[in-house]
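Coordinates as given in model19.pdb (PDB, C-alpha atoms):
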```pdb
MODEL        1
ATOM      1  CA  MET A  22      17.293   2.761 -20.294  1.00  0.00           C
ATOM      2  CA  VAL A  23      15.115  -0.287 -19.597  1.00  0.00           C
ATOM      3  CA  ALA A  24      15.455   0.252 -15.855  1.00  0.00           C
ATOM      4  CA  ALA A  25      14.396   3.907 -16.130  1.00  0.00           C
ATOM      5  CA  MET A  26      11.396   2.970 -18.268  1.00  0.00           C
ATOM      6  CA  LEU A  27      10.322   0.317 -15.780  1.00  0.00           C
ATOM      7  CA  VAL A  28      10.581   2.755 -12.866  1.00  0.00           C
ATOM      8  CA  LEU A  29       8.583   5.369 -14.790  1.00  0.00           C
ATOM      9  CA  PHE A  30       5.977   2.766 -15.772  1.00  0.00           C
ATOM     10  CA  SER A  31       5.673   1.726 -12.129  1.00  0.00           C
ATOM     11  CA  TYR A  32       5.213   5.294 -10.929  1.00  0.00           C
ATOM     12  CA  LEU A  33       2.517   5.948 -13.545  1.00  0.00           C
ATOM     13  CA  LEU A  34       0.811   2.657 -12.692  1.00  0.00           C
ATOM     14  CA  GLY A  35       0.893   3.513  -9.001  1.00  0.00           C
ATOM     15  CA  SER A  36      -0.596   6.915  -9.816  1.00  0.00           C
ATOM     16  CA  ILE A  37      -3.896   5.349 -10.939  1.00  0.00           C
ATOM     17  CA  PRO A  38      -6.136   6.510  -8.045  1.00  0.00           C
ATOM     18  CA  SER A  39      -8.545   3.618  -7.537  1.00  0.00           C
ATOM     19  CA  ALA A  40     -10.331   5.169  -4.544  1.00  0.00           C
ATOM     20  CA  TYR A  41     -10.684   8.539  -6.275  1.00  0.00           C
ATOM     21  CA  ILE A  42     -12.124   6.925  -9.411  1.00  0.00           C
ATOM     22  CA  ALA A  43     -14.534   4.817  -7.337  1.00  0.00           C
ATOM     23  CA  GLY A  44     -15.711   7.870  -5.401  1.00  0.00           C
ATOM     24  CA  ARG A  45     -16.299   9.921  -8.546  1.00  0.00           C
ATOM     25  CA  VAL A  46     -18.012   7.155 -10.516  1.00  0.00           C
ATOM     26  CA  LEU A  47     -20.129   5.556  -7.788  1.00  0.00           C
ATOM     27  CA  LYS A  48     -20.983   8.466  -5.500  1.00  0.00           C
ATOM     28  CA  GLY A  49     -19.969  11.626  -7.305  1.00  0.00           C
ATOM     29  CA  ILE A  50     -17.627  12.573  -4.467  1.00  0.00           C
ATOM     30  CA  ASP A  51     -13.979  13.541  -4.206  1.00  0.00           C
ATOM     31  CA  ILE A  52     -12.533  11.004  -1.735  1.00  0.00           C
ATOM     32  CA  ARG A  53      -9.876  13.584  -0.807  1.00  0.00           C
ATOM     33  CA  LYS A  54     -12.590  15.794   0.714  1.00  0.00           C
ATOM     34  CA  VAL A  55     -14.394  13.228   2.870  1.00  0.00           C
ATOM     35  CA  GLY A  56     -13.385  11.160   5.883  1.00  0.00           C
ATOM     36  CA  ASP A  57      -9.699  11.483   6.571  1.00  0.00           C
ATOM     37  CA  GLY A  58      -8.984  12.626   3.007  1.00  0.00           C
ATOM     38  CA  ASN A  59      -6.906   9.548   2.221  1.00  0.00           C
ATOM     39  CA  VAL A  60      -7.063   8.192  -1.329  1.00  0.00           C
ATOM     40  CA  GLY A  61      -6.944   4.564  -0.243  1.00  0.00           C
ATOM     41  CA  ALA A  62      -8.904   1.459   0.622  1.00  0.00           C
ATOM     42  CA  ALA A  63      -9.727   2.272   4.256  1.00  0.00           C
ATOM     43  CA  ASN A  64     -11.265   5.666   3.462  1.00  0.00           C
ATOM     44  CA  ALA A  65     -13.113   4.155   0.485  1.00  0.00           C
ATOM     45  CA  TYR A  66     -14.436   1.418   2.788  1.00  0.00           C
ATOM     46  CA  ARG A  67     -15.802   3.944   5.265  1.00  0.00           C
ATOM     47  CA  GLU A  68     -17.056   6.607   2.869  1.00  0.00           C
ATOM     48  CA  ILE A  69     -18.225   4.627  -0.181  1.00  0.00           C
ATOM     49  CA  GLY A  70     -18.948   1.169   1.218  1.00  0.00           C
ATOM     50  CA  PRO A  71     -17.349  -2.130   2.265  1.00  0.00           C
ATOM     51  CA  ILE A  72     -17.513  -3.805  -1.152  1.00  0.00           C
ATOM     52  CA  VAL A  73     -15.899  -0.801  -2.817  1.00  0.00           C
ATOM     53  CA  GLY A  74     -13.273  -0.614  -0.070  1.00  0.00           C
ATOM     54  CA  VAL A  75     -12.298  -4.239  -0.624  1.00  0.00           C
ATOM     55  CA  ALA A  76     -12.240  -3.709  -4.405  1.00  0.00           C
ATOM     56  CA  VAL A  77      -9.985  -0.658  -3.994  1.00  0.00           C
ATOM     57  CA  PHE A  78      -7.663  -2.654  -1.721  1.00  0.00           C
ATOM     58  CA  ILE A  79      -7.383  -5.406  -4.356  1.00  0.00           C
ATOM     59  CA  ALA A  80      -6.820  -2.899  -7.179  1.00  0.00           C
ATOM     60  CA  ASP A  81      -4.152  -1.028  -5.232  1.00  0.00           C
ATOM     61  CA  ALA A  82      -2.405  -4.250  -4.203  1.00  0.00           C
ATOM     62  CA  TRP A  83      -2.382  -5.424  -7.814  1.00  0.00           C
ATOM     63  CA  LYS A  84      -0.577  -2.247  -8.850  1.00  0.00           C
ATOM     64  CA  GLY A  85       2.313  -3.409  -6.664  1.00  0.00           C
ATOM     65  CA  VAL A  86       2.124  -6.974  -7.952  1.00  0.00           C
ATOM     66  CA  ILE A  87       2.155  -5.936 -11.612  1.00  0.00           C
ATOM     67  CA  ALA A  88       4.989  -3.416 -11.220  1.00  0.00           C
ATOM     68  CA  VAL A  89       7.338  -5.902  -9.575  1.00  0.00           C
ATOM     69  CA  MET A  90       6.421  -8.833 -11.818  1.00  0.00           C
ATOM     70  CA  VAL A  91       7.056  -6.768 -14.949  1.00  0.00           C
ATOM     71  CA  ALA A  92      10.399  -5.615 -13.537  1.00  0.00           C
ATOM     72  CA  GLN A  93      11.397  -9.187 -12.672  1.00  0.00           C
ATOM     73  CA  ALA A  94      10.560 -10.279 -16.211  1.00  0.00           C
ATOM     74  CA  PHE A  95      12.762  -7.675 -17.871  1.00  0.00           C
ATOM     75  CA  ALA A  96      15.425  -6.619 -15.378  1.00  0.00           C
ATOM     76  CA  SER A  97      17.377  -7.425 -12.225  1.00  0.00           C
ATOM     77  CA  GLN A  98      16.203  -7.704  -8.629  1.00  0.00           C
ATOM     78  CA  LEU A  99      17.708  -4.295  -7.905  1.00  0.00           C
ATOM     79  CA  VAL A 100      15.484  -2.769 -10.575  1.00  0.00           C
ATOM     80  CA  ALA A 101      12.519  -4.622  -9.077  1.00  0.00           C
ATOM     81  CA  PHE A 102      13.328  -2.956  -5.742  1.00  0.00           C
ATOM     82  CA  PHE A 103      13.267   0.477  -7.374  1.00  0.00           C
ATOM     83  CA  THR A 104      10.007  -0.269  -9.186  1.00  0.00           C
ATOM     84  CA  GLY A 105       8.484  -1.338  -5.866  1.00  0.00           C
ATOM     85  CA  PHE A 106       9.327   2.027  -4.342  1.00  0.00           C
ATOM     86  CA  ALA A 107       8.168   3.807  -7.513  1.00  0.00           C
ATOM     87  CA  VAL A 108       4.734   2.174  -7.595  1.00  0.00           C
ATOM     88  CA  VAL A 109       4.173   3.001  -3.916  1.00  0.00           C
ATOM     89  CA  ALA A 110       5.384   6.568  -4.505  1.00  0.00           C
ATOM     90  CA  GLY A 111       2.959   6.830  -7.422  1.00  0.00           C
ATOM     91  CA  HIS A 112       0.110   5.719  -5.180  1.00  0.00           C
ATOM     92  CA  ASN A 113       1.123   8.205  -2.481  1.00  0.00           C
ATOM     93  CA  TRP A 114       1.801  11.124  -4.846  1.00  0.00           C
ATOM     94  CA  PRO A 115      -0.295  10.391  -7.945  1.00  0.00           C
ATOM     95  CA  LEU A 116       0.503  12.433 -11.022  1.00  0.00           C
ATOM     96  CA  TYR A 117      -3.101  12.366 -12.261  1.00  0.00           C
ATOM     97  CA  ILE A 118      -4.765  14.049  -9.253  1.00  0.00           C
ATOM     98  CA  GLY A 119      -2.316  16.670  -8.096  1.00  0.00           C
ATOM     99  CA  LEU A 120       0.113  14.499  -6.118  1.00  0.00           C
ATOM    100  CA  ARG A 121      -2.367  13.958  -3.276  1.00  0.00           C
ATOM    101  CA  GLY A 122      -2.904  10.240  -2.838  1.00  0.00           C
ATOM    102  CA  GLY A 123      -2.952   7.456  -0.309  1.00  0.00           C
ATOM    103  CA  ARG A 124      -0.533   6.063   2.243  1.00  0.00           C
ATOM    104  CA  GLY A 125       0.613   3.021   0.295  1.00  0.00           C
ATOM    105  CA  GLU A 126      -0.243   0.084   2.584  1.00  0.00           C
ATOM    106  CA  SER A 127      -2.223  -1.879  -0.014  1.00  0.00           C
ATOM    107  CA  THR A 128       0.315  -1.299  -2.775  1.00  0.00           C
ATOM    108  CA  THR A 129       3.149  -2.253  -0.417  1.00  0.00           C
ATOM    109  CA  ILE A 130       1.349  -5.511   0.372  1.00  0.00           C
ATOM    110  CA  GLY A 131       1.255  -6.208  -3.365  1.00  0.00           C
ATOM    111  CA  VAL A 132       4.966  -5.438  -3.821  1.00  0.00           C
ATOM    112  CA  LEU A 133       6.098  -7.561  -0.879  1.00  0.00           C
ATOM    113  CA  SER A 134       3.750 -10.415  -1.764  1.00  0.00           C
ATOM    114  CA  VAL A 135       5.726 -10.881  -4.979  1.00  0.00           C
ATOM    115  CA  LEU A 136       9.167 -10.445  -3.426  1.00  0.00           C
ATOM    116  CA  LEU A 137       8.501 -12.396  -0.196  1.00  0.00           C
ATOM    117  CA  PRO A 138       5.464 -14.577  -0.938  1.00  0.00           C
ATOM    118  CA  GLN A 139       5.915 -17.183   1.808  1.00  0.00           C
ATOM    119  CA  ALA A 140       6.696 -14.731   4.606  1.00  0.00           C
ATOM    120  CA  MET A 141       3.831 -12.456   3.556  1.00  0.00           C
ATOM    121  CA  LEU A 142       1.380 -15.356   3.377  1.00  0.00           C
ATOM    122  CA  ILE A 143       2.281 -16.423   6.914  1.00  0.00           C
ATOM    123  CA  LEU A 144       1.963 -12.918   8.335  1.00  0.00           C
ATOM    124  CA  LEU A 145      -1.216 -12.105   6.413  1.00  0.00           C
ATOM    125  CA  ALA A 146      -2.777 -15.186   7.999  1.00  0.00           C
ATOM    126  CA  VAL A 147      -1.501 -14.156  11.444  1.00  0.00           C
ATOM    127  CA  CYS A 148      -2.806 -10.568  11.212  1.00  0.00           C
ATOM    128  CA  ALA A 149      -6.181 -11.533   9.707  1.00  0.00           C
ATOM    129  CA  VAL A 150      -7.859 -12.491  12.986  1.00  0.00           C
ATOM    130  CA  PRO A 151      -6.857  -9.396  15.012  1.00  0.00           C
ATOM    131  CA  PHE A 152      -7.833  -7.212  12.068  1.00  0.00           C
ATOM    132  CA  LEU A 153     -11.248  -8.830  11.644  1.00  0.00           C
ATOM    133  CA  VAL A 154     -11.907  -8.524  15.386  1.00  0.00           C
ATOM    134  CA  THR A 155     -10.690  -4.941  15.876  1.00  0.00           C
ATOM    135  CA  ARG A 156     -10.825  -3.469  12.336  1.00  0.00           C
ATOM    136  CA  ASN A 157      -7.719  -1.559  13.429  1.00  0.00           C
ATOM    137  CA  THR A 158      -5.530  -0.971  10.367  1.00  0.00           C
ATOM    138  CA  MET A 159      -2.540   0.234  12.404  1.00  0.00           C
ATOM    139  CA  LEU A 160      -2.560  -2.928  14.523  1.00  0.00           C
ATOM    140  CA  ALA A 161      -2.860  -5.098  11.432  1.00  0.00           C
ATOM    141  CA  GLY A 162      -0.028  -3.193   9.737  1.00  0.00           C
ATOM    142  CA  ALA A 163       2.215  -3.586  12.782  1.00  0.00           C
ATOM    143  CA  ILE A 164       1.553  -7.341  12.928  1.00  0.00           C
ATOM    144  CA  LEU A 165       2.102  -7.698   9.189  1.00  0.00           C
ATOM    145  CA  PHE A 166       5.125  -5.481   8.591  1.00  0.00           C
ATOM    146  CA  GLY A 167       6.833  -5.394  12.018  1.00  0.00           C
ATOM    147  CA  PRO A 168       8.145  -8.978  12.105  1.00  0.00           C
ATOM    148  CA  LEU A 169       8.384  -9.390   8.315  1.00  0.00           C
ATOM    149  CA  TRP A 170      12.157  -8.944   8.246  1.00  0.00           C
ATOM    150  CA  LEU A 171      12.611 -11.569  10.977  1.00  0.00           C
ATOM    151  CA  VAL A 172      10.353 -14.119   9.289  1.00  0.00           C
ATOM    152  CA  ALA A 173      12.159 -13.472   5.998  1.00  0.00           C
ATOM    153  CA  LEU A 174      15.536 -13.878   7.702  1.00  0.00           C
ATOM    154  CA  LEU A 175      14.502 -17.149   9.369  1.00  0.00           C
ATOM    155  CA  MET A 176      13.355 -18.437   5.982  1.00  0.00           C
ATOM    156  CA  GLY A 177      16.839 -17.881   4.529  1.00  0.00           C
ATOM    157  CA  THR A 178      16.004 -14.790   2.482  1.00  0.00           C
ATOM    158  CA  SER A 179      18.887 -12.728   1.095  1.00  0.00           C
ATOM    159  CA  GLY A 180      20.183  -9.773   3.081  1.00  0.00           C
ATOM    160  CA  ALA A 181      19.059  -7.390   0.354  1.00  0.00           C
ATOM    161  CA  LEU A 182      15.474  -8.614   0.552  1.00  0.00           C
ATOM    162  CA  VAL A 183      15.508  -8.529   4.351  1.00  0.00           C
ATOM    163  CA  GLY A 184      16.670  -4.910   4.198  1.00  0.00           C
ATOM    164  CA  TYR A 185      13.971  -4.100   1.645  1.00  0.00           C
ATOM    165  CA  SER A 186      11.339  -5.693   3.886  1.00  0.00           C
ATOM    166  CA  ILE A 187      12.312  -3.100   6.505  1.00  0.00           C
ATOM    167  CA  GLY A 188      12.788  -0.109   4.211  1.00  0.00           C
ATOM    168  CA  LEU A 189       9.551  -0.174   2.220  1.00  0.00           C
ATOM    169  CA  PRO A 190       7.236  -0.501   5.268  1.00  0.00           C
ATOM    170  CA  CYS A 191       9.200   2.293   6.999  1.00  0.00           C
ATOM    171  CA  PHE A 192       8.558   4.469   3.945  1.00  0.00           C
ATOM    172  CA  VAL A 193       4.831   3.741   4.319  1.00  0.00           C
ATOM    173  CA  GLY A 194       4.923   4.301   8.079  1.00  0.00           C
ATOM    174  CA  LEU A 195       6.480   7.735   7.642  1.00  0.00           C
ATOM    175  CA  ARG A 196       3.865   8.615   5.053  1.00  0.00           C
ATOM    176  CA  HIS A 197       1.124   7.570   7.492  1.00  0.00           C
ATOM    177  CA  PHE A 198       2.658   9.686  10.258  1.00  0.00           C
ATOM    178  CA  PHE A 199       2.983  12.820   8.151  1.00  0.00           C
ATOM    179  CA  THR A 200      -0.529  12.554   6.657  1.00  0.00           C
ATOM    180  CA  THR A 201      -2.331  11.983   9.956  1.00  0.00           C
ATOM    181  CA  ARG A 202      -0.428  14.123  12.460  1.00  0.00           C
ATOM    182  CA  HIS A 203      -2.402  17.311  11.702  1.00  0.00           C
ATOM    183  CA  LEU A 204      -5.830  15.652  11.577  1.00  0.00           C
ATOM    184  CA  PRO A 205      -8.290  16.413  14.382  1.00  0.00           C
ATOM    185  CA  ASP A 206      -8.293  13.686  17.045  1.00  0.00           C
ATOM    186  CA  ASP A 207     -11.726  12.331  16.074  1.00  0.00           C
ATOM    187  CA  VAL A 208     -10.758  12.111  12.390  1.00  0.00           C
ATOM    188  CA  LYS A 209      -7.391  10.591  13.332  1.00  0.00           C
ATOM    189  CA  GLN A 210      -9.187   7.875  15.325  1.00  0.00           C
ATOM    190  CA  ARG A 211     -11.468   7.163  12.382  1.00  0.00           C
ATOM    191  CA  ALA A 212      -8.420   6.891  10.109  1.00  0.00           C
ATOM    192  CA  ILE A 213      -7.187   3.952  12.178  1.00  0.00           C
ATOM    193  CA  TYR A 214     -10.351   1.862  11.949  1.00  0.00           C
ATOM    194  CA  MET A 215     -12.180   0.332   8.997  1.00  0.00           C
ATOM    195  CA  ARG A 216     -15.731   0.701  10.328  1.00  0.00           C
TER     196      ARG A 216
ENDMDL
END
```

In structure tokens, write the structure found in this file.
Amino acid sequence: MVAAMLVLFSYLLGSIPSAYIAGRVLKGIDIRKVGDGNVGAANAYREIGPIVGVAVFIADAWKGVIAVMVAQAFASQLVAFFTGFAVVAGHNWPLYIGLRGGRGESTTIGVLSVLLPQAMLILLAVCAVPFLVTRNTMLAGAILFGPLWLVALLMGTSGALVGYSIGLPCFVGLRHFFTTRHLPDDVKQRAIYMR
């Protein structure tokens, strides 16, 4: 019962659409109808402004942090794994705005920063420079999530966590693929860069 409540809480928390709220409140726009239509930090950065984009990234990451920390406080690691997926699923398919949300990168960073803090800190530092130079979110995501399992393994992380460090980013990668594959080429290119 506790596990089910934590998973439900995480999904509902993930469903809070930070970028949508920011667009409505600050610019009177529906973020789903501008840019690449993504309800996330990168589209908010481009369409609303850099400060708002950064704020949305932080808010979305904190959804992941809170969901996993609450689960760890009241349940097992396995439940924390499920809440991590649930909060990302809530972000991607938010209940409050018709199941049309973001791609989950920011929220996934929050989840994995709690579960694998040292490995994530190392890789966040490594991907920061290429990201700041290129503003390419796909490149930054590949540098951050691609070797995460290996860094975690080398640091003596459990097999379950290593597997999770592969599974959750793959979930996000598939979401990115399916939400961008039908976009026009120019919009697709814009979706990759935070400019």

Selection: 9 Å around stretch 188-205 of chain A, all atoms listed in the file, excl. self and same-chain fewer than 3 positions, as a list in words: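 Everything that qualifies: Asp57, Asn59, Gly105, Phe106, Val109, Asn113, Gly123, Arg124, Gly125, Glu126, Thr129, Leu133, Gly162, Phe166, Gly167, Val183, Gly184, Tyr185, Val208, Lys209, Gln210 and Ala212 of chain A.
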
Given the selection you just returned, output its residues as a file containing C-alpha atoms, formatted as a CSV table (one decimal), in the coordinates of the input.
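The resulting selection-v6.csv:
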```
chain,number,residue,atom,x,y,z
A,57,ASP,CA,-9.7,11.5,6.6
A,59,ASN,CA,-6.9,9.5,2.2
A,105,GLY,CA,8.5,-1.3,-5.9
A,106,PHE,CA,9.3,2.0,-4.3
A,109,VAL,CA,4.2,3.0,-3.9
A,113,ASN,CA,1.1,8.2,-2.5
A,123,GLY,CA,-3.0,7.5,-0.3
A,124,ARG,CA,-0.5,6.1,2.2
A,125,GLY,CA,0.6,3.0,0.3
A,126,GLU,CA,-0.2,0.1,2.6
A,129,THR,CA,3.1,-2.3,-0.4
A,133,LEU,CA,6.1,-7.6,-0.9
A,162,GLY,CA,0.0,-3.2,9.7
A,166,PHE,CA,5.1,-5.5,8.6
A,167,GLY,CA,6.8,-5.4,12.0
A,183,VAL,CA,15.5,-8.5,4.4
A,184,GLY,CA,16.7,-4.9,4.2
A,185,TYR,CA,14.0,-4.1,1.6
A,208,VAL,CA,-10.8,12.1,12.4
A,209,LYS,CA,-7.4,10.6,13.3
A,210,GLN,CA,-9.2,7.9,15.3
A,212,ALA,CA,-8.4,6.9,10.1
```

Distance query A:Lys84 at most 12 Å, all atoms listed in the file, self and fewer than 3 positions along chain excluded, as a PyMOL selection string: chain A and resi 30-39+77-81+87-91+104-112+125-135

Close residues, A:Asn157 itself excluded, 12 Å, all atoms listed in the file, min 2 positions apart in chain, as a list in words: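 After dropping sequence-adjacent residues, the list is Ala63, Cys148, Ala149, Val150, Pro151, Phe152, Leu153, Val154, Thr155, Met159, Leu160, Ala161, Gly162, Ala163, Ile164, Gln210, Arg211, Ala212, Ile213, Tyr214, Met215 and Arg216 of chain A.
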
For the residues selected in the previous step, produce a file with C-alpha atoms as a compact mmCIF listing (two decimals), keeping the file's coordinate frame.
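The file below, part-v4.txt, is the result:
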```txt
# COMPACT_ATOMS: atom_id res chain seq x y z
CA ALA A 63 -9.73 2.27 4.26
CA CYS A 148 -2.81 -10.57 11.21
CA ALA A 149 -6.18 -11.53 9.71
CA VAL A 150 -7.86 -12.49 12.99
CA PRO A 151 -6.86 -9.40 15.01
CA PHE A 152 -7.83 -7.21 12.07
CA LEU A 153 -11.25 -8.83 11.64
CA VAL A 154 -11.91 -8.52 15.39
CA THR A 155 -10.69 -4.94 15.88
CA MET A 159 -2.54 0.23 12.40
CA LEU A 160 -2.56 -2.93 14.52
CA ALA A 161 -2.86 -5.10 11.43
CA GLY A 162 -0.03 -3.19 9.74
CA ALA A 163 2.22 -3.59 12.78
CA ILE A 164 1.55 -7.34 12.93
CA GLN A 210 -9.19 7.88 15.32
CA ARG A 211 -11.47 7.16 12.38
CA ALA A 212 -8.42 6.89 10.11
CA ILE A 213 -7.19 3.95 12.18
CA TYR A 214 -10.35 1.86 11.95
CA MET A 215 -12.18 0.33 9.00
CA ARG A 216 -15.73 0.70 10.33
```

Give me the box for stretch 192-196 of chain A as lines of an AutoDock Vina configuration file, namely the centre and edge lengths in Å to one decimal of a box along x, y and z that holds every listed atom plus 5 Å on each side.
```
center_x = 6.2
center_y = 6.2
center_z = 6.0
size_x = 14.7
size_y = 14.9
size_z = 14.1
```

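Candidate residues A:Gly56, A:Leu29, A:Met141, A:Val147 were compared for distance to A:Trp170, and the nearest is A:Met141, using all atoms listed in the file.
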
Atom-to-atom span, atom CA of A:Glu68 and atom CA of A:Arg121, Å: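 Taking atom CA of A:Glu68 as the start and atom CA of A:Arg121 as the end point, the length is 17.5 Å.
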
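Of the listed residues A:Pro71, A:Gly85, A:Gly44, A:Gly58, the one whose atoms come nearest to A:Leu136 is A:Gly85, with distances taken using all atoms listed in the file.
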
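Taking atom CA of A:Ala140 and atom CA of A:Leu169 as endpoints, the distance between them is 6.7 Å.
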
Which of A:Trp83, A:Ala43, A:Leu165, A:Asp207 sits closest to A:Gly70 [using all atoms listed in the file]: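 Once distances to A:Gly70 are computed over all atoms listed in the file, the minimum belongs to A:Ala43.
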
Separation of atom CA of A:Gly49 from atom CA of A:Val73, in Å and rounded to one decimal: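 We find that atom CA of A:Gly49 and atom CA of A:Val73 lie 13.8 Å from each other.
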
Residue among A:Leu137, A:Val60, A:Leu99, A:Ala181 lying closest to A:Pro115, counting all atoms listed in the file: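 Among A:Leu137, A:Val60, A:Leu99, A:Ala181, it is A:Val60 that comes nearest to A:Pro115.
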
Shortest interatomic distance to A:Leu27 - which of A:Tyr66, A:Tyr117, A:Phe102, A:Tyr41, counting all atoms listed in the file: A:Phe102

Of the listed residues A:Ala40, A:Ala101, A:Ala173, A:Leu145, that which approaches A:Ala65 most closely, counting all atoms listed in the file: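 The closest residue to A:Ala65 is A:Ala40.
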